[in-house]
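What follows is the content of coords.tsv (TSV, C-alpha atoms and all ligand atoms).
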chain	number	residue	atom	x	y	z
A	1	MET	CA	-115.00	-198.04	-108.91
A	2	SER	CA	-113.96	-201.35	-107.34
A	3	ASN	CA	-115.17	-202.36	-103.91
A	4	LEU	CA	-111.72	-201.66	-102.53
A	5	ASP	CA	-111.89	-198.09	-103.84
A	6	ASP	CA	-115.31	-197.70	-102.21
A	7	PHE	CA	-113.94	-199.04	-98.94
A	8	GLY	CA	-110.95	-196.71	-99.04
A	9	THR	CA	-113.18	-193.69	-99.66
A	10	LEU	CA	-115.66	-194.66	-96.96
A	11	GLN	CA	-112.92	-195.44	-94.47
A	12	ARG	CA	-111.33	-192.04	-95.07
A	13	LEU	CA	-114.65	-190.22	-94.65
A	14	ILE	CA	-115.49	-192.11	-91.48
A	15	LYS	CA	-112.07	-191.69	-89.91
A	16	ASN	CA	-111.62	-188.04	-90.86
A	17	ARG	CA	-115.04	-186.87	-89.70
A	18	ARG	CA	-114.72	-184.94	-86.46
A	19	THR	CA	-117.10	-183.30	-84.06
A	20	VAL	CA	-116.82	-179.54	-84.57
A	21	ARG	CA	-118.61	-176.65	-82.86
A	22	SER	CA	-116.51	-173.81	-84.24
A	23	PHE	CA	-117.44	-172.60	-87.72
A	24	THR	CA	-116.50	-169.95	-90.27
A	25	PRO	CA	-119.28	-167.40	-90.94
A	26	ASP	CA	-119.93	-168.92	-94.41
A	27	PRO	CA	-123.62	-169.76	-94.79
A	28	VAL	CA	-125.01	-173.23	-95.41
A	29	ASP	CA	-127.79	-173.30	-98.01
A	30	ASP	CA	-131.15	-174.91	-97.24
A	31	ASP	CA	-130.69	-177.07	-100.38
A	32	VAL	CA	-127.54	-178.60	-98.95
A	33	ILE	CA	-129.26	-179.41	-95.65
A	34	ALA	CA	-132.19	-180.94	-97.54
A	35	GLU	CA	-129.81	-183.05	-99.62
A	36	ILE	CA	-127.98	-184.22	-96.50
A	37	ILE	CA	-131.28	-185.20	-94.83
A	38	ASP	CA	-132.35	-187.05	-97.97
A	39	THR	CA	-129.12	-189.04	-97.70
A	40	ALA	CA	-129.23	-189.52	-93.93
A	41	VAL	CA	-132.62	-191.25	-93.99
A	42	TRP	CA	-131.15	-194.21	-95.89
A	43	ALA	CA	-130.28	-195.59	-92.46
A	44	PRO	CA	-131.37	-199.06	-91.41
A	45	ASN	CA	-134.68	-199.03	-89.53
A	46	HIS	CA	-136.39	-202.14	-88.24
A	47	ARG	CA	-139.99	-202.64	-89.45
A	48	MET	CA	-139.43	-199.71	-91.83
A	49	THR	CA	-140.76	-197.28	-89.26
A	50	GLU	CA	-138.67	-194.42	-90.73
A	51	PRO	CA	-138.72	-192.96	-87.21
A	52	TRP	CA	-136.58	-189.84	-87.80
A	53	ARG	CA	-137.87	-186.32	-87.67
A	54	PHE	CA	-135.80	-183.20	-88.27
A	55	VAL	CA	-136.50	-179.59	-87.34
A	56	VAL	CA	-134.31	-177.06	-89.15
A	57	LEU	CA	-133.92	-173.67	-87.50
A	58	ARG	CA	-132.92	-171.12	-90.12
A	59	LYS	CA	-130.29	-168.60	-89.13
A	60	GLY	CA	-131.94	-165.25	-88.38
A	61	GLY	CA	-135.34	-166.92	-87.94
A	62	GLU	CA	-137.76	-166.22	-85.09
A	63	ARG	CA	-137.71	-169.78	-83.78
A	64	ARG	CA	-133.91	-169.84	-83.68
A	65	ALA	CA	-134.02	-166.66	-81.56
A	66	ALA	CA	-136.71	-168.16	-79.32
A	67	ILE	CA	-134.64	-171.32	-78.74
A	68	ALA	CA	-131.57	-169.18	-78.01
A	69	ASP	CA	-133.57	-167.39	-75.26
A	70	VAL	CA	-134.87	-170.66	-73.82
A	71	VAL	CA	-131.35	-172.13	-73.66
A	72	TYR	CA	-129.96	-168.86	-72.25
A	73	ASN	CA	-132.46	-168.93	-69.36
A	74	TRP	CA	-131.93	-172.65	-68.71
A	75	THR	CA	-128.13	-172.26	-68.67
A	76	LEU	CA	-128.35	-169.28	-66.32
A	77	ALA	CA	-130.44	-171.30	-63.87
A	78	ASN	CA	-128.53	-174.58	-64.18
A	79	THR	CA	-124.82	-173.76	-64.32
A	80	PRO	CA	-123.44	-175.16	-61.03
A	81	ASN	CA	-120.95	-172.32	-60.55
A	82	PRO	CA	-123.06	-169.13	-60.25
A	83	ASN	CA	-120.04	-166.95	-61.15
A	84	ARG	CA	-119.83	-168.75	-64.47
A	85	GLY	CA	-123.59	-168.90	-65.13
A	86	SER	CA	-123.98	-165.63	-66.91
A	87	ALA	CA	-120.97	-166.13	-69.22
A	88	ALA	CA	-122.08	-169.68	-70.00
A	89	ALA	CA	-125.60	-168.48	-70.80
A	90	VAL	CA	-124.32	-165.77	-73.16
A	91	GLU	CA	-122.00	-168.30	-74.80
A	92	ALA	CA	-124.86	-170.77	-75.30
A	93	LYS	CA	-127.14	-168.12	-76.76
A	94	GLU	CA	-124.47	-166.74	-79.11
A	95	GLU	CA	-123.60	-170.21	-80.34
A	96	ILE	CA	-127.23	-170.93	-81.21
A	97	LEU	CA	-127.70	-167.58	-82.94
A	98	ASN	CA	-124.45	-167.72	-84.90
A	99	THR	CA	-124.17	-171.35	-86.02
A	100	PRO	CA	-124.69	-171.42	-89.80
A	101	ALA	CA	-127.22	-174.29	-89.67
A	102	LEU	CA	-129.01	-175.86	-86.72
A	103	VAL	CA	-131.05	-179.07	-86.87
A	104	TYR	CA	-132.86	-180.80	-84.01
A	105	THR	CA	-133.36	-184.54	-84.47
A	106	PHE	CA	-136.07	-186.72	-82.93
A	107	ALA	CA	-137.10	-190.38	-82.82
A	108	LEU	CA	-140.77	-191.27	-82.99
A	109	PRO	CA	-142.06	-193.46	-80.16
A	110	GLY	CA	-142.98	-197.06	-81.00
A	111	ALA	CA	-146.03	-199.04	-79.95
A	112	ASN	CA	-143.96	-200.58	-77.12
A	113	PRO	CA	-140.54	-200.01	-75.46
A	114	GLU	CA	-138.80	-202.48	-77.79
A	115	VAL	CA	-139.88	-200.59	-80.90
A	116	SER	CA	-139.05	-197.23	-79.29
A	117	GLU	CA	-135.53	-198.48	-78.61
A	118	GLU	CA	-135.17	-199.73	-82.20
A	119	ASN	CA	-136.40	-196.35	-83.43
A	120	TYR	CA	-133.85	-194.49	-81.30
A	121	ALA	CA	-131.07	-196.73	-82.64
A	122	ALA	CA	-132.23	-196.12	-86.22
A	123	VAL	CA	-132.20	-192.35	-85.71
A	124	ALA	CA	-128.68	-192.55	-84.23
A	125	CYS	CA	-127.65	-194.33	-87.47
A	126	ALA	CA	-129.33	-191.55	-89.46
A	127	VAL	CA	-127.41	-188.92	-87.47
A	128	GLN	CA	-124.12	-190.65	-88.29
A	129	ASN	CA	-125.18	-190.72	-91.95
A	130	PHE	CA	-126.01	-187.03	-91.62
A	131	MET	CA	-122.57	-186.24	-90.21
A	132	LEU	CA	-120.76	-188.28	-92.86
A	133	ALA	CA	-122.79	-186.73	-95.70
A	134	ALA	CA	-122.07	-183.26	-94.30
A	135	HIS	CA	-118.38	-184.12	-94.01
A	136	ALA	CA	-118.34	-185.30	-97.64
A	137	ARG	CA	-119.84	-181.88	-98.58
A	138	GLY	CA	-117.04	-180.04	-96.77
A	139	LEU	CA	-119.15	-179.27	-93.70
A	140	ALA	CA	-118.74	-180.32	-90.10
A	141	VAL	CA	-121.28	-181.17	-87.42
A	142	GLY	CA	-121.37	-181.05	-83.63
A	143	TRP	CA	-123.92	-183.46	-82.13
A	144	SER	CA	-125.12	-182.06	-78.82
A	145	THR	CA	-127.32	-183.56	-76.15
A	146	GLY	CA	-126.27	-180.91	-73.66
A	147	ARG	CA	-127.81	-177.59	-72.68
A	148	THR	CA	-129.33	-177.09	-76.16
A	149	CYS	CA	-131.53	-180.12	-75.57
A	150	LYS	CA	-132.14	-179.97	-71.82
A	151	PRO	CA	-134.82	-177.28	-71.33
A	152	ALA	CA	-138.38	-178.66	-71.37
A	153	GLU	CA	-139.52	-175.58	-73.33
A	154	VAL	CA	-137.41	-176.60	-76.35
A	155	ARG	CA	-140.05	-179.04	-77.63
A	156	GLU	CA	-142.84	-176.53	-77.15
A	157	THR	CA	-140.86	-173.85	-79.00
A	158	LEU	CA	-140.16	-176.24	-81.88
A	159	GLY	CA	-143.81	-177.33	-81.93
A	160	VAL	CA	-143.04	-181.06	-81.77
A	161	ASP	CA	-145.06	-183.81	-80.09
A	162	PRO	CA	-144.19	-184.26	-76.41
A	163	ASP	CA	-143.60	-188.00	-76.90
A	164	TRP	CA	-140.92	-187.62	-79.59
A	165	LYS	CA	-137.54	-188.57	-78.14
A	166	MET	CA	-134.93	-185.91	-78.68
A	167	VAL	CA	-131.82	-187.49	-80.20
A	168	GLY	CA	-129.76	-184.35	-80.39
A	169	CYS	CA	-129.19	-180.90	-81.73
A	170	LEU	CA	-126.80	-180.71	-84.67
A	171	PHE	CA	-124.61	-177.62	-85.09
A	172	ILE	CA	-123.52	-177.42	-88.71
A	173	GLY	CA	-121.17	-175.24	-90.71
A	174	HIS	CA	-117.85	-174.94	-92.49
A	175	PRO	CA	-115.26	-176.03	-89.93
A	176	ALA	CA	-112.98	-173.37	-88.43
A	177	VAL	CA	-110.88	-175.96	-86.56
A	178	SER	CA	-109.47	-179.43	-87.25
A	179	PRO	CA	-109.70	-181.44	-84.04
A	180	VAL	CA	-107.76	-184.65	-83.59
A	181	THR	CA	-109.11	-187.59	-81.60
A	182	GLU	CA	-108.12	-191.20	-81.14
A	183	ARG	CA	-109.72	-194.60	-81.04
A	184	LYS	CA	-108.53	-197.73	-79.30
A	185	PRO	CA	-107.34	-200.41	-81.73
A	186	GLU	CA	-109.60	-203.27	-82.71
A	187	ALA	CA	-107.78	-205.79	-80.50
A	188	THR	CA	-108.69	-203.86	-77.34
A	189	VAL	CA	-112.43	-203.78	-78.05
A	190	THR	CA	-113.05	-207.17	-79.68
A	191	LYS	CA	-113.34	-210.64	-78.20
A	192	TRP	CA	-112.69	-213.26	-80.88
A	193	LEU	CA	-114.16	-216.64	-79.89
B	201	LIG	C1	-125.28	-189.21	-78.34
B	201	LIG	C2	-124.16	-188.22	-78.41
B	201	LIG	C3	-124.27	-187.05	-77.69
B	201	LIG	C4	-123.26	-186.09	-77.74
B	201	LIG	N1	-123.40	-184.94	-77.03
B	201	LIG	C5	-122.41	-184.02	-77.02
B	201	LIG	C6	-122.54	-182.82	-76.28
B	201	LIG	O1	-123.56	-182.58	-75.64
B	201	LIG	N2	-121.53	-181.94	-76.32
B	201	LIG	C7	-120.38	-182.19	-77.04
B	201	LIG	O2	-119.47	-181.37	-77.02
B	201	LIG	N3	-120.23	-183.31	-77.77
B	201	LIG	C8	-121.22	-184.23	-77.79
B	201	LIG	N4	-121.09	-185.37	-78.54
B	201	LIG	C9	-119.91	-185.54	-79.40
B	201	LIG	C10	-118.85	-186.42	-78.76
B	201	LIG	O3	-118.30	-185.78	-77.65
B	201	LIG	C11	-117.78	-186.76	-79.82
B	201	LIG	O4	-118.37	-187.59	-80.78
B	201	LIG	C12	-116.58	-187.44	-79.21
B	201	LIG	O5	-115.83	-186.54	-78.44
B	201	LIG	C13	-115.66	-188.03	-80.26
B	201	LIG	O6	-115.21	-187.03	-81.16
B	201	LIG	P1	-115.38	-187.20	-82.73
B	201	LIG	O7	-116.86	-187.21	-83.01
B	201	LIG	O8	-114.70	-186.02	-83.34
B	201	LIG	O9	-114.76	-188.49	-83.11
B	201	LIG	C14	-122.08	-186.33	-78.53
B	201	LIG	C15	-121.99	-187.52	-79.26
B	201	LIG	C16	-123.02	-188.45	-79.21
B	201	LIG	C17	-122.88	-189.73	-80.00

Show me, as structure tokens, the structure contained in the file I just sent.
Ligand SMILES: Cc1cc2nc3c(=O)[nH]c(=O)nc-3n(C[C@H](O)[C@H](O)[C@H](O)COP(=O)(O)O)c2cc1C
Amino acid sequence: MSNLDDFGTLQRLIKNRRTVRSFTPDPVDDDVIAEIIDTAVWAPNHRMTEPWRFVVLRKGGERRAAIADVVYNWTLANTPNPNRGSAAAVEAKEEILNTPALVYTFALPGANPEVSEENYAAVACAVQNFMLAAHARGLAVGWSTGRTCKPAEVRETLGVDPDWKMVGCLFIGHPAVSPVTERKPEATVTKWL
């Protein structure tokens, strides 16, 4: 394949990847998630810290159910409109229980703030790799830093170190929708000097 073919393929994958949180009930095998993680970790990382950590919550597993309860309680207590709180909490819990695959991602802390920031950036690159690899496998991902990540008890329930920085919770499955989004053209975001 020529470089131009590579570029065309990569461009198509990047541009066609969309954030999705609505999935068909088709399962996602552990092997596929493992393969995607093995691909995602080929992200750039300064000082070769390899700062990414992943926690996979299997569908039907005890920890998935425990996280669903934690997020349910948090959403009930933190939804600004009390009339909406209970519906939002049920919705959050159901989404966690029903999503075919669920992966929390973390960045390890560095020895100082500069390294911690580099580590966070590296893990964000790994998450994009993750999403592109999933997309290439016919899956879609929703990267969430919302209610799924907010409760303090999430870390405890996952059994991760308190100083790991949570980068997001990834909802993964076969897409049930095909969202359309836009990007501003290059000329509006670039200053050529
Ligand atoms: C750091 C980060 C956090 C995000 N958190 C959320 C979130 O909590 N909820 C959500 O619906 N989408 C979340 N997203 C997804 C963005 O909303 C999405 O990428 C954006 O709307 C563009 O859509 P696209 O990914 O399909 O191009 C997040 C994305 C990033 C990079």

- Message: Around ligand LIG 201 (chain B), out to 6 Å and counting all atoms listed in the file, which residues are there? I want them as JSON, numbers by chain.
- Response: {"A": [18, 19, 143, 144, 145, 146, 181]}

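CA of Val177 in chain A lies 25.4 Å from CA of Ile67 in chain A.
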
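Our summary of the geometry notes that CA of Arg21 in chain A is positioned 7.0 Å from CA of Val141 in chain A.
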
- Note on the structure: In Å and to one decimal, CA of Ala68 in chain A is distant from CA of Thr105 in chain A by 16.8 Å

- Task: Give me the residues within 6 Å of Ala89 in chain A as a PyMOL selection string, counting only C-alpha atoms and dropping any in the same chain fewer than 4 places off.
- Result: chain A and resi 72+75-76

- Task: Can you pull out every residue within 8 Å of range 172-174 of chain A, counting all atoms listed in the file, but drop anything in the same chain fewer than 4 positions away, and send it as JSON, numbers by chain?
- Result: {"A": [21, 23, 24, 25, 26, 27, 28, 99, 100, 101, 102, 103, 138, 139, 140, 141, 142]}

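Comparing the minimum interatomic distances between Ser22 in chain A and each of A:Leu132, A:Glu95, A:Gly159, A:Lys184, counting all atoms listed in the file, we find that A:Glu95 sits nearest.
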
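Every polymer residue reaching to within 9 Å of (-142.5, -185.3, -80.5), counting only C-alpha atoms, appears in this list: Arg53, Phe106, Ala107, Leu108, Pro109, Arg155, Gly159, Val160, Asp161, Pro162, Asp163, Trp164, Lys165 and Met166 of chain A.
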
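Here the question is which of A:Ser86, A:Thr49, A:Gln128, A:Thr148 gets nearest to Val115 in chain A using all atoms listed in the file, and that residue is A:Thr49.
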
- Message: From the options A:Arg17, A:Pro175, A:Val167, A:Glu94, which residue's atoms come nearest to Ala121 in chain A, counting only C-alpha atoms?
- Response: A:Val167

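Nearest to Glu62 in chain A of all the residues A:Glu186, A:Ala133, A:Leu97, A:Ser116 is A:Leu97, counting all atoms listed in the file.
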
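With all atoms listed in the file as the atoms that count, the residue of A:Ala126, A:Pro113, A:Val71, A:Ser178 with the shortest distance to Glu91 in chain A is A:Val71.
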